[in-house]
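S.K.: So that you have it, the file is structure.cif, and it contains mmCIF, C-alpha atoms:
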data_upload
loop_
_atom_site.label_atom_id
_atom_site.label_comp_id
_atom_site.auth_asym_id
_atom_site.auth_seq_id
_atom_site.Cartn_x
_atom_site.Cartn_y
_atom_site.Cartn_z
CA MET A 13 25.91 -12.00 -9.73
CA LEU A 14 28.20 -12.30 -12.76
CA ILE A 15 29.97 -15.27 -11.14
CA VAL A 16 26.65 -17.01 -10.44
CA ILE A 17 25.43 -16.50 -14.01
CA SER A 18 28.76 -17.75 -15.39
CA LEU A 19 28.48 -20.94 -13.31
CA ILE A 20 24.91 -21.44 -14.56
CA LEU A 21 26.09 -21.04 -18.15
CA ILE A 22 28.78 -23.68 -17.59
CA LEU A 23 26.21 -26.09 -16.11
CA ILE A 24 23.99 -25.47 -19.14
CA LEU A 25 26.73 -25.94 -21.75
CA LEU A 26 28.47 -29.00 -20.29
CA PRO A 27 25.45 -31.34 -20.67
CA ASP A 28 24.95 -30.06 -24.23
CA CYS A 29 28.57 -30.73 -25.08
CA TYR A 30 28.38 -34.24 -23.59
CA ILE A 31 25.22 -35.13 -25.52
CA SER A 32 26.55 -33.61 -28.76
CA MET A 33 30.01 -35.24 -28.66
CA VAL A 34 29.13 -38.60 -27.08
CA MET A 35 25.50 -39.36 -27.84
CA LEU A 36 25.23 -37.62 -31.24
CA LYS A 37 28.70 -38.44 -32.52
CA GLY A 38 28.58 -39.02 -36.28
CA VAL A 39 25.04 -37.64 -36.61
CA ALA A 40 24.46 -35.35 -39.60
CA TRP A 41 24.82 -31.62 -38.94
CA PRO A 42 21.11 -30.75 -39.46
CA TRP A 43 20.23 -33.01 -36.52
CA GLN A 44 23.10 -31.53 -34.50
CA ALA A 45 21.74 -28.04 -35.24
CA LEU A 46 18.25 -29.14 -34.21
CA PHE A 47 19.64 -30.41 -30.90
CA TRP A 48 21.38 -27.11 -30.17
CA SER A 49 18.36 -25.00 -31.17
CA PRO A 50 16.84 -24.77 -27.62
CA THR A 51 20.20 -23.91 -26.01
CA VAL A 52 21.03 -21.02 -28.36
CA PRO A 53 18.01 -18.88 -27.33
CA LEU A 54 18.64 -19.75 -23.68
CA PHE A 55 22.22 -18.55 -23.95
CA GLY A 56 21.04 -15.44 -25.78
CA SER A 57 18.37 -14.74 -23.14
CA MET A 58 20.94 -14.92 -20.35
CA CYS A 59 23.24 -12.52 -22.20
CA LEU A 60 20.33 -10.11 -22.72
CA MET A 61 19.36 -10.41 -19.06
CA MET A 62 22.88 -9.45 -18.00
CA ALA A 63 22.93 -6.59 -20.51
CA THR A 64 19.52 -5.18 -19.53
CA GLY A 65 20.00 -5.47 -15.78
CA ARG A 66 16.95 -6.43 -13.72
CA ASN A 67 14.57 -6.96 -16.61
CA ALA A 68 11.65 -8.98 -15.26
CA LEU A 69 10.58 -10.38 -18.63
CA MET A 70 14.06 -11.62 -19.52
CA ALA A 71 14.45 -13.14 -16.03
CA LYS A 72 11.19 -15.07 -16.46
CA ILE A 73 12.19 -16.30 -19.92
CA VAL A 74 15.56 -17.52 -18.59
CA PHE A 75 13.86 -19.19 -15.60
CA TYR A 76 11.40 -21.10 -17.79
CA GLU A 77 14.08 -22.08 -20.33
CA ILE A 78 16.35 -23.43 -17.60
CA LEU A 79 13.53 -25.55 -16.18
CA LEU A 80 12.28 -26.85 -19.51
CA VAL A 81 15.59 -27.24 -21.38
CA ALA A 82 18.69 -27.22 -19.19
CA LEU A 83 17.32 -29.21 -16.22
CA PRO A 84 16.03 -32.21 -18.26
CA GLN A 85 19.33 -32.35 -20.17
CA LEU A 86 21.32 -32.29 -16.93
CA VAL A 87 19.19 -35.13 -15.50
CA PHE A 88 19.70 -37.16 -18.67
CA VAL A 89 23.48 -36.68 -18.57
CA VAL A 90 23.68 -37.72 -14.90
CA CYS A 91 21.69 -40.91 -15.63
CA SER A 92 23.79 -41.60 -18.71
CA LEU A 93 27.08 -41.19 -16.85
CA LEU A 94 25.88 -43.44 -14.02
CA GLY A 95 24.92 -46.03 -16.62
CA ARG A 96 28.36 -45.80 -18.24
CA GLY A 97 29.98 -46.31 -14.86
CA ALA A 98 27.80 -49.32 -14.07
CA ALA A 99 28.54 -50.73 -17.53
CA LEU A 100 32.05 -51.59 -16.36
CA ALA A 101 30.42 -54.43 -14.41
CA TRP A 102 27.22 -54.87 -16.39
CA PRO A 103 27.44 -53.86 -20.11
CA ALA A 104 23.68 -53.44 -20.52
CA ALA A 105 23.68 -50.69 -17.86
CA GLN A 106 24.82 -48.10 -20.40
CA THR A 107 21.67 -48.51 -22.48
CA CYS A 108 19.52 -48.66 -19.34
CA GLY A 109 21.06 -45.41 -18.09
CA ASN A 110 20.22 -43.65 -21.35
CA ILE A 111 16.64 -44.94 -21.37
CA ILE A 112 16.10 -43.95 -17.73
CA GLY A 113 17.63 -40.54 -18.46
CA LEU A 114 15.30 -39.97 -21.42
CA ALA A 115 12.26 -41.03 -19.40
CA ALA A 116 13.26 -38.83 -16.44
CA GLY A 117 13.93 -35.82 -18.69
CA ALA A 118 10.60 -36.19 -20.49
CA THR A 119 8.78 -36.54 -17.16
CA ILE A 120 10.37 -33.32 -15.89
CA VAL A 121 9.35 -31.41 -19.02
CA ILE A 122 5.73 -32.63 -18.84
CA ALA A 123 5.41 -31.99 -15.10
CA LEU A 124 6.93 -28.50 -15.22
CA ALA A 125 4.89 -27.56 -18.28
CA TYR A 126 1.76 -28.51 -16.31
CA GLY A 127 2.93 -26.36 -13.38
CA MET A 128 3.52 -23.36 -15.66
CA LEU A 129 0.27 -23.63 -17.61
CA TRP A 130 -2.24 -24.94 -15.06
CA GLY A 131 -0.67 -25.67 -11.67
CA TRP A 132 -0.60 -22.04 -10.53
CA ARG A 133 -4.37 -21.76 -11.15
CA SER A 134 -5.22 -24.81 -9.01
CA LEU A 135 -6.48 -22.95 -5.94
CA GLU A 136 -7.05 -25.12 -2.87
CA VAL A 137 -9.00 -24.49 0.35
CA LYS A 138 -7.50 -26.13 3.43
CA HIS A 139 -9.40 -26.53 6.71
CA LEU A 140 -7.62 -26.66 10.03
CA ASP A 141 -9.15 -27.14 13.49
CA LEU A 142 -6.89 -26.00 16.32
CA THR A 143 -7.62 -26.39 20.03
CA PHE A 144 -5.95 -24.26 22.71
CA ASP A 145 -6.42 -24.50 26.45
CA THR A 146 -5.86 -20.74 26.73
CA LEU A 147 -8.48 -19.68 24.17
CA PRO A 148 -11.31 -17.79 25.95
CA GLU A 149 -14.74 -19.35 25.63
CA SER A 150 -16.03 -16.26 23.80
CA PHE A 151 -13.83 -17.17 20.84
CA ASP A 152 -14.61 -20.88 20.75
CA GLY A 153 -15.40 -21.63 17.08
CA TYR A 154 -13.82 -18.38 15.85
CA LYS A 155 -12.96 -18.69 12.14
CA LEU A 156 -9.81 -17.23 10.61
CA VAL A 157 -8.94 -17.26 6.92
CA GLN A 158 -5.26 -16.90 6.06
CA PHE A 159 -3.73 -16.25 2.66
CA SER A 160 -0.20 -15.19 1.85
CA ASP A 161 2.35 -14.24 -0.81
CA LEU A 162 0.05 -12.90 -3.50
CA HIS A 163 2.94 -11.41 -5.54
CA SER A 164 0.49 -9.30 -7.54
CA GLY A 165 3.01 -8.56 -10.31
CA SER A 166 2.54 -12.13 -11.50
CA PHE A 167 -1.24 -11.69 -11.87
CA GLU A 168 -1.65 -8.25 -13.44
CA ARG A 169 -2.95 -9.87 -16.64
CA HIS A 170 -4.80 -12.61 -14.80
CA SER A 171 -7.36 -10.67 -12.80
CA THR A 172 -9.85 -13.53 -13.26
CA PHE A 173 -7.73 -15.72 -11.01
CA VAL A 174 -7.50 -12.96 -8.38
CA GLN A 175 -11.29 -12.56 -8.51
CA GLN A 176 -11.59 -16.33 -7.97
CA LEU A 177 -9.28 -15.99 -4.98
CA VAL A 178 -11.36 -13.20 -3.43
CA ASP A 179 -14.62 -15.05 -4.06
CA THR A 180 -13.14 -18.17 -2.44
CA ILE A 181 -12.05 -16.20 0.62
CA ASN A 182 -15.46 -14.54 1.00
CA ALA A 183 -17.24 -17.87 0.61
CA GLN A 184 -15.62 -19.09 3.85
CA ASP A 185 -17.68 -16.60 5.90
CA ALA A 186 -14.69 -15.70 8.09
CA ASP A 187 -14.69 -13.83 11.36
CA MET A 188 -11.33 -12.38 10.32
CA VAL A 189 -9.08 -12.56 7.25
CA LEU A 190 -5.30 -12.50 7.76
CA PHE A 191 -2.70 -11.79 5.07
CA THR A 192 0.91 -12.68 5.93
CA GLY A 193 2.90 -10.55 3.49
CA ASP A 194 4.40 -10.19 0.00
CA ILE A 195 1.52 -8.53 -1.80
CA ILE A 196 3.90 -7.33 -4.56
CA ASN A 197 7.09 -8.43 -6.31
CA THR A 198 9.16 -5.26 -6.73
CA HIS A 199 6.98 -2.15 -7.24
CA PRO A 200 3.70 -0.84 -5.75
CA ASP A 201 2.39 -0.15 -9.26
CA GLU A 202 1.85 -3.91 -9.64
CA LEU A 203 -0.98 -3.70 -7.14
CA GLN A 204 -2.88 -0.92 -8.92
CA PRO A 205 -4.78 -3.11 -11.47
CA LEU A 206 -5.99 -5.43 -8.69
CA LEU A 207 -7.07 -2.87 -6.07
CA SER A 208 -10.75 -2.96 -6.94
CA ILE A 209 -10.81 -6.76 -6.72
CA LEU A 210 -8.82 -7.10 -3.49
CA SER A 211 -11.00 -4.39 -1.90
CA GLN A 212 -13.87 -6.88 -2.06
CA VAL A 213 -12.37 -9.15 0.64
CA ARG A 214 -14.82 -9.25 3.55
CA ALA A 215 -14.82 -10.57 7.14
CA ARG A 216 -16.94 -9.72 10.17
CA ASP A 217 -14.01 -8.41 12.21
CA GLY A 218 -11.99 -7.08 9.29
CA ILE A 219 -8.74 -7.89 7.48
CA CYS A 220 -5.30 -7.67 9.10
CA SER A 221 -2.01 -7.86 7.21
CA VAL A 222 1.75 -7.54 7.61
CA LEU A 223 4.54 -6.74 5.17
CA GLY A 224 6.75 -9.38 3.56
CA ASN A 225 10.31 -8.98 2.32
CA HIS A 226 9.16 -8.08 -1.23
CA ASP A 227 6.90 -5.31 0.06
CA TYR A 228 9.93 -3.18 0.97
CA CYS A 229 10.83 -2.85 -2.75
CA LEU A 230 14.49 -3.65 -2.07
CA PHE A 231 15.28 -6.50 -4.44
CA GLY A 232 14.10 -8.76 -7.22
CA PHE A 233 13.91 -8.61 -10.99
CA GLY A 234 11.81 -5.87 -12.59
CA LYS A 235 11.03 -2.21 -12.07
CA ARG A 236 11.76 -0.90 -8.59
CA PRO A 237 11.01 2.52 -7.09
CA ALA A 238 13.92 4.95 -6.85
CA ASN A 239 13.18 5.32 -3.15
CA PRO A 240 12.39 1.88 -1.63
CA ARG A 241 11.14 3.44 1.61
CA GLU A 242 8.61 5.50 -0.35
CA GLY A 243 7.65 2.36 -2.27
CA ALA A 244 6.95 0.48 0.98
CA ARG A 245 4.92 3.44 2.25
CA GLN A 246 2.81 3.30 -0.92
CA VAL A 247 2.21 -0.42 -0.43
CA VAL A 248 0.96 0.22 3.11
CA GLU A 249 -1.22 3.10 1.94
CA MET A 250 -2.78 1.02 -0.85
CA GLU A 251 -3.56 -1.86 1.51
CA ARG A 252 -5.19 0.55 3.93
CA ASP A 253 -7.18 2.10 1.08
CA MET A 254 -8.53 -1.42 0.45
CA GLY A 255 -9.79 -1.47 4.02
CA TRP A 256 -7.04 -3.67 5.43
CA SER A 257 -5.41 -3.03 8.82
CA VAL A 258 -1.67 -3.13 8.15
CA LEU A 259 0.14 -3.99 11.39
CA LEU A 260 3.60 -2.41 11.57
CA ASN A 261 5.00 -3.76 14.84
CA GLU A 262 1.62 -3.27 16.50
CA HIS A 263 -1.50 -5.21 17.38
CA HIS A 264 -5.22 -5.20 16.66
CA LEU A 265 -7.78 -6.19 19.31
CA VAL A 266 -11.08 -7.99 18.94
CA VAL A 267 -13.08 -7.76 22.17
CA ARG A 268 -15.99 -9.93 23.19
CA GLY A 269 -17.22 -9.22 26.67
CA SER A 270 -14.28 -9.58 29.03
CA ASP A 271 -12.26 -11.63 26.52
CA THR A 272 -9.86 -10.39 23.86
CA LEU A 273 -8.28 -11.77 20.71
CA ALA A 274 -5.04 -9.93 19.92
CA ILE A 275 -3.69 -10.03 16.36
CA ILE A 276 0.00 -9.12 16.62
CA GLY A 277 1.75 -8.05 13.44
CA VAL A 278 5.50 -7.56 13.04
CA GLU A 279 7.48 -6.23 10.12
CA ASN A 280 9.77 -8.62 8.30
CA THR A 281 12.08 -10.64 10.53
CA GLY A 282 13.92 -13.75 9.40
CA LYS A 283 16.91 -15.01 7.48
CA PRO A 284 19.30 -12.69 5.59
CA PRO A 285 19.56 -11.13 3.05
CA PHE A 286 16.02 -9.92 3.67
CA PRO A 287 15.31 -6.88 5.86
CA GLU A 288 15.05 -7.50 9.60
CA ILE A 289 13.05 -4.63 11.03
CA GLY A 290 10.43 -6.41 13.10
CA ASP A 291 9.99 -5.48 16.75
CA LEU A 292 8.09 -8.25 18.48
CA ARG A 293 8.53 -6.74 21.94
CA LYS A 294 6.88 -3.51 20.81
CA ALA A 295 4.17 -5.25 18.79
CA SER A 296 3.14 -7.55 21.65
CA GLU A 297 3.38 -5.05 24.49
CA GLY A 298 0.42 -5.50 26.81
CA VAL A 299 -1.08 -8.50 24.99
CA ALA A 300 1.58 -11.24 25.11
CA ALA A 301 4.40 -12.12 27.45
CA TYR A 302 7.91 -11.36 26.17
CA HIS A 303 11.19 -12.03 27.93
CA PRO A 304 14.51 -12.03 26.04
CA SER A 305 16.11 -14.53 28.40
CA GLY A 306 13.48 -17.12 27.57
CA HIS A 307 13.16 -18.23 31.22
CA GLU A 308 9.83 -19.93 31.73
CA ASP A 309 9.37 -18.41 35.17
CA ALA A 310 9.57 -14.95 33.59
CA ILE A 311 6.83 -15.66 31.06
CA ALA A 312 3.38 -14.77 32.33
CA SER A 313 0.18 -15.92 30.66
CA HIS A 314 -2.76 -13.64 29.89
CA ASN A 315 -5.84 -15.71 30.59
CA SER A 316 -8.35 -13.29 29.07
CA ILE A 317 -6.20 -12.38 26.03
CA PHE A 318 -5.43 -14.84 23.25
CA PRO A 319 -2.58 -13.60 21.03
CA ILE A 320 -2.02 -14.63 17.40
CA LEU A 321 1.19 -13.54 15.69
CA LEU A 322 1.49 -12.65 12.00
CA THR A 323 5.12 -12.77 10.85
CA HIS A 324 6.04 -13.26 7.21
CA ASP A 325 9.15 -15.43 7.56
CA PRO A 326 8.66 -18.71 9.52
CA SER A 327 12.32 -18.58 10.58
CA HIS A 328 11.21 -15.94 13.08
CA TRP A 329 9.37 -18.63 15.08
CA ARG A 330 12.55 -20.40 16.19
CA MET A 331 14.60 -17.22 16.28
CA GLU A 332 12.45 -15.30 18.75
CA VAL A 333 8.87 -16.48 19.18
CA LEU A 334 9.62 -19.84 20.83
CA PRO A 335 12.48 -18.75 23.10
CA CYS A 336 11.04 -15.39 24.18
CA THR A 337 7.23 -15.60 24.22
CA ASP A 338 4.25 -17.75 25.11
CA ILE A 339 2.34 -16.84 21.94
CA PRO A 340 0.25 -19.97 21.19
CA LEU A 341 -0.34 -19.46 17.44
CA THR A 342 1.92 -17.97 14.77
CA LEU A 343 0.99 -17.64 11.09
CA SER A 344 3.60 -17.21 8.34
CA GLY A 345 4.20 -17.62 4.62
CA HIS A 346 7.30 -16.68 2.60
CA THR A 347 8.56 -20.13 1.54
CA HIS A 348 5.89 -20.93 -1.14
CA ALA A 349 6.98 -24.54 -0.40
CA ALA A 350 9.49 -23.68 -3.16
CA GLN A 351 6.44 -23.91 -5.51
CA ILE A 352 7.35 -27.58 -6.00
CA LYS A 353 6.09 -30.30 -3.66
CA ILE A 354 6.05 -34.03 -4.32
CA GLY A 355 4.18 -35.80 -1.55
CA HIS A 356 5.69 -34.49 1.68
CA TRP A 357 8.97 -33.46 0.05
CA SER A 358 9.95 -30.05 -1.29
CA PRO A 359 13.27 -28.30 -2.02
CA ALA A 360 12.11 -25.77 0.58
CA ARG A 361 13.12 -28.18 3.34
CA TRP A 362 16.77 -27.58 2.38
CA MET A 363 16.36 -23.90 3.26
CA TYR A 364 13.79 -23.77 6.07
CA HIS A 365 13.17 -25.90 9.12
CA GLU A 366 9.46 -25.07 8.91
CA TRP A 367 8.36 -24.60 5.31
CA ALA A 368 4.68 -25.61 4.88
CA GLY A 369 1.85 -26.77 7.10
CA LEU A 370 1.39 -27.04 10.85
CA TYR A 371 4.25 -27.34 13.37
CA THR A 372 3.84 -27.67 17.14
CA GLN A 373 6.31 -27.41 19.98
CA GLY A 374 4.94 -27.65 23.49
CA SER A 375 1.90 -25.37 23.71
CA GLN A 376 2.94 -23.24 20.73
CA SER A 377 1.98 -23.80 17.10
CA LEU A 378 3.11 -22.38 13.76
CA PHE A 379 1.26 -22.64 10.47
CA VAL A 380 3.19 -21.86 7.27
CA SER A 381 1.06 -21.11 4.22
CA GLN A 382 2.21 -22.22 0.77
CA GLY A 383 0.97 -18.86 -0.48
CA ILE A 384 -0.80 -17.87 -3.67
CA GLY A 385 1.74 -16.63 -6.22
CA GLY A 386 5.42 -16.10 -6.69
CA SER A 387 7.91 -14.10 -8.72
CA PHE A 388 7.33 -16.74 -11.42
CA ARG A 389 3.96 -18.34 -12.23
CA MET A 390 4.66 -22.01 -11.67
CA ARG A 391 3.23 -24.44 -9.14
CA LEU A 392 3.84 -28.18 -9.10
CA GLY A 393 2.27 -29.96 -6.15
CA ALA A 394 2.58 -26.90 -3.90
CA ARG A 395 -0.88 -25.63 -4.83
CA PRO A 396 -1.88 -22.03 -4.06
CA GLU A 397 -3.98 -22.15 -0.92
CA VAL A 398 -6.56 -20.38 1.20
CA VAL A 399 -6.43 -21.70 4.76
CA VAL A 400 -9.48 -21.78 7.02
CA ILE A 401 -8.49 -22.03 10.69
CA SER A 402 -11.21 -22.76 13.25
CA LEU A 403 -10.19 -22.05 16.85
CA HIS A 404 -11.50 -24.19 19.69
CA SER A 405 -11.22 -23.77 23.44
CA GLY A 406 -9.85 -26.89 25.10
CA THR A 407 -10.02 -25.74 28.71
CA ASN A 408 -13.56 -24.48 28.51
CA LYS A 409 -14.80 -27.67 26.85
CA SER A 410 -12.99 -29.70 29.50
CA THR A 411 -14.49 -27.54 32.24
CA LYS A 412 -17.96 -27.96 30.78
CA ASN A 413 -17.50 -31.73 30.56
CA ASP A 414 -16.27 -31.86 34.17
CA ALA A 415 -19.25 -29.77 35.29
CA ASN A 416 -21.68 -32.01 33.40
CA LEU A 417 -20.04 -35.08 34.90
CA ALA A 418 -20.31 -33.59 38.39
CA GLU A 419 -23.98 -32.81 37.81
CA ARG A 420 -24.64 -36.38 36.68
CA LYS A 421 -22.85 -37.77 39.75
CA ASP A 422 -24.85 -35.48 42.04
CA GLU A 423 -28.06 -36.61 40.37
CA GLU A 424 -27.05 -40.27 40.80
CA ASN A 425 -26.23 -39.70 44.46
CA ARG A 426 -29.61 -38.03 45.04
CA LYS A 427 -31.37 -40.99 43.40
CA LYS A 428 -29.43 -43.42 45.59
CA ALA A 429 -30.32 -41.42 48.68
CA ILE A 430 -34.01 -41.60 47.77
#
Can you give me the file's structure in the form of structure tokens?

M.R.:
Amino acid sequence: MLIVISLILILILLPDCYISMVMLKGVAWPWQALFWSPTVPLFGSMCLMMATGRNALMAKIVFYEILLVALPQLVFVVCSLLGRGAALAWPAAQTCGNIIGLAAGATIVIALAYGMLWGWRSLEVKHLDLTFDTLPESFDGYKLVQFSDLHSGSFERHSTFVQQLVDTINAQDADMVLFTGDIINTHPDELQPLLSILSQVRARDGICSVLGNHDYCLFGFGKRPANPREGARQVVEMERDMGWSVLLNEHHLVVRGSDTLAIIGVENTGKPPFPEIGDLRKASEGVAAYHPSGHEDAIASHNSIFPILLTHDPSHWRMEVLPCTDIPLTLSGHTHAAQIKIGHWSPARWMYHEWAGLYTQGSQSLFVSQGIGGSFRMRLGARPEVVVISLHSGTNKSTKNDANLAERKDEENRKKAI
């Protein structure tokens, strides 16, 4: 950690030194002091963060200062240096580089300031219609509402936003609500002020949830329980007190006549350094085919059971779900789309193959939610989202259409015979 912080400090100081010695050369000292004024508190904040350990407040201050001060300066310096290089062939390029750098730096400051002040409040409702040949007719039109990554520690003083979230979820009139992990940042106490609000979430067939990597209280900045295992147990207990069904490598069944919808929930499984304690084989036993070899001839389908997997980390889909199961729909979160998305691009794509939205391979689909919150309140483009998923039965609709077509042909044949 000390090495990482030292490298960050160097990256912060080098642009300042370049601007001070090259761009502000000969400028009076009061203006030089004014230029250095944002960097001094940033440097002091980082020193305090190292001295105070995992202090959440200091970590947030450093994070915001890096984004609003150090990043724009770094962008300006890169543009300026490129301009100086191009000036060897075209003298005017040096001035152009500086102007572009100033414009880019100012744009970054304005955009990130928006994300910190308003972007995280910009709740969005997404609607998704998914058709599966294996979905039983009894569940045709079944409505799921997914939300993910609440990170309640970021909203303790913003209960109005959480109330808006709950009201938005309830307004969708869901058959079932699904939460795909990370309800806290570092400590179960974060959830306490929001329990009464989150207890208001309603759905006809209930609320199912799984744990995310943060819910095990193992890492992150801020207060953490002395016994992480006890902290995770408290998180589970609090969710259950809210009326949620927390699935710990197990499944929940919704039965309609002879048909069944199986909500499979696994504990966190994905990329290191996060805990990998999910057991998909155990969780799906009896409701979804599982074969570690991945041979198609060993995977049996369950015509009357439609399984849906809740797994926090989307990396799990390629790691185990695709090669070892025939589970048609997987829901995840975790990535937050890096909380920055410009068009269809996000830094999250550098870390995850599937990072936001719908992905399909063969007959299997994965939807990755951008989530609600984060360790830091900032959203630019990657808006917090509630996702409404309507399930449709492809086979049954096709069968009905074929039957109707056959009836029409029979009727035409009878008319011809007459």

S.K.: How close does each residue of range 111-132 of chain A get to range 340-356 of chain A, giving the shortest atom pair and distance in Å to one decimal for every residue with an atom at most 10 Å away, counting all atoms listed in the file, sorted by chain and residue number, as a Markdown table?

M.R.:
| residue | atom | partner | partner_atom | distance |
| --- | --- | --- | --- | --- |
| A:Leu124 | CA | A:Ile352 | CA | 9.3 |
| A:Gly127 | CA | A:Ile352 | CA | 8.7 |
| A:Gly131 | CA | A:Gln351 | CA | 9.6 |
| A:Trp132 | CA | A:Gln351 | CA | 8.8 |

S.K.: Using Å and a single decimal, report how far CA of Asp338 in chain A sits from CA of Val400 in chain A.

M.R.: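 Interatomic distance here is 23.1 Å.
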
S.K.: CA of Ser160 in chain A and CA of Gly406 in chain A are how many Å apart?

M.R.: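 Between these atoms lies a distance of 27.8 Å.
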
S.K.: Could I get the residues of range 133-181 of chain A with an atom no further than 8 Å from an atom of range 271-274 of chain A, each paired with its nearest atom pair and that distance in Å to one decimal, using only C-alpha atoms, sorted by chain and residue number, as a Markdown table?

M.R.:
| residue | atom | partner | partner_atom | distance |
| --- | --- | --- | --- | --- |
| A:Pro148 | CA | A:Asp271 | CA | 6.3 |
| A:Ser150 | CA | A:Asp271 | CA | 6.6 |
| A:Phe151 | CA | A:Leu273 | CA | 7.7 |

S.K.: Do you have the CA of Leu378 in chain A-CA of Gly277 in chain A distance handy?

M.R.: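 CA of Gly277 in chain A lies at a distance of 14.4 Å from CA of Leu378 in chain A.
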
S.K.: Write out as a list in words each polymer residue whose atoms come within 10 Å of range 41-49 of chain A, counting only C-alpha atoms; drop sequence neighbours fewer than 5 positions from it.

M.R.: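 In the requested format, the answer is Asp28, Cys29, Ile31, Ser32, Met33, Leu36 and Leu54 of chain A.
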
S.K.: Just to be explicit: take each residue in the selection above, keep C-alpha atoms, and write the result as a PDB file, in the coordinates of the input.

M.R.:
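The resulting file, selection_7.pdb, is shown below:
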ATOM      1  CA  ASP A  28      24.950 -30.060 -24.230  1.00  0.00           C
ATOM      2  CA  CYS A  29      28.570 -30.730 -25.080  1.00  0.00           C
ATOM      3  CA  ILE A  31      25.220 -35.130 -25.520  1.00  0.00           C
ATOM      4  CA  SER A  32      26.550 -33.610 -28.760  1.00  0.00           C
ATOM      5  CA  MET A  33      30.010 -35.240 -28.660  1.00  0.00           C
ATOM      6  CA  LEU A  36      25.230 -37.620 -31.240  1.00  0.00           C
ATOM      7  CA  LEU A  54      18.640 -19.750 -23.680  1.00  0.00           C
TER       8      LEU A  54
END

S.K.: From the list A:Phe388, A:Trp357, A:Phe159, A:Phe75, which residue is nearest Val213 in chain A when using only C-alpha atoms?

M.R.: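 Closest to Val213 in chain A of all the choices is A:Phe159.
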
S.K.: Could you tell me which residues the PyMOL selection byres ((chain A and resi 186) around 10) grabs in this file, written as JSON, numbers by chain?

M.R.: {"A": [154, 155, 156, 157, 158, 181, 182, 183, 184, 185, 187, 188, 189, 190, 214, 215, 216, 217, 218, 219, 400, 401, 402]}

S.K.: Have a look at A:Gly224, A:Pro103, A:Gly269, A:Gly97 and name the one nearest to Asp325 in chain A; count all atoms listed in the file.

M.R.: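 Looking only at the distances to Asp325 in chain A, the closest residue turns out to be A:Gly224.
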
S.K.: Between A:Val248, A:Thr143, A:Gly298, A:Ala394, which is the closest to Pro359 in chain A once you count all atoms listed in the file?

M.R.: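 Checking each of A:Val248, A:Thr143, A:Gly298, A:Ala394 against Pro359 in chain A, counting all atoms listed in the file, the winner is A:Ala394.
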
S.K.: Selection in question (the file shown): the PyMOL selection byres ((chain A and resi 286) around 10). Which residues does it include, as a list in words?

M.R.: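 Evaluating the PyMOL selection byres ((chain A and resi 286) around 10) on this file yields Gly224, Asn225, His226, Tyr228, Leu230, Phe231, Asn280, Thr281, Gly282, Lys283, Pro284, Pro285, Pro287, Glu288, Ile289 and Asp325 of chain A.
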
S.K.: Just checking: using all atoms listed in the file, which residue out of A:Pro396, A:Leu80, A:Gln373, A:Ala295 ends up closest to Thr119 in chain A?

M.R.: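 Looking only at the distances to Thr119 in chain A, the closest residue turns out to be A:Leu80.
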
S.K.: Would you kindly return, as a PyMOL selection string, each protein, DNA or RNA residue with an atom no farther than 12 Å from any atom of Ile112 in chain A, considering all atoms listed in the file and excluding same-chain residues fewer than 5 positions away?

M.R.: chain A and resi 84+87-95+105-107+117-119

S.K.: Using the chain letters and numbering of this document, enumerate as a PyMOL selection string the residues selected by the PyMOL selection byres ((chain A and resi 195) around 6).

M.R.: chain A and resi 161-164+193-194+196
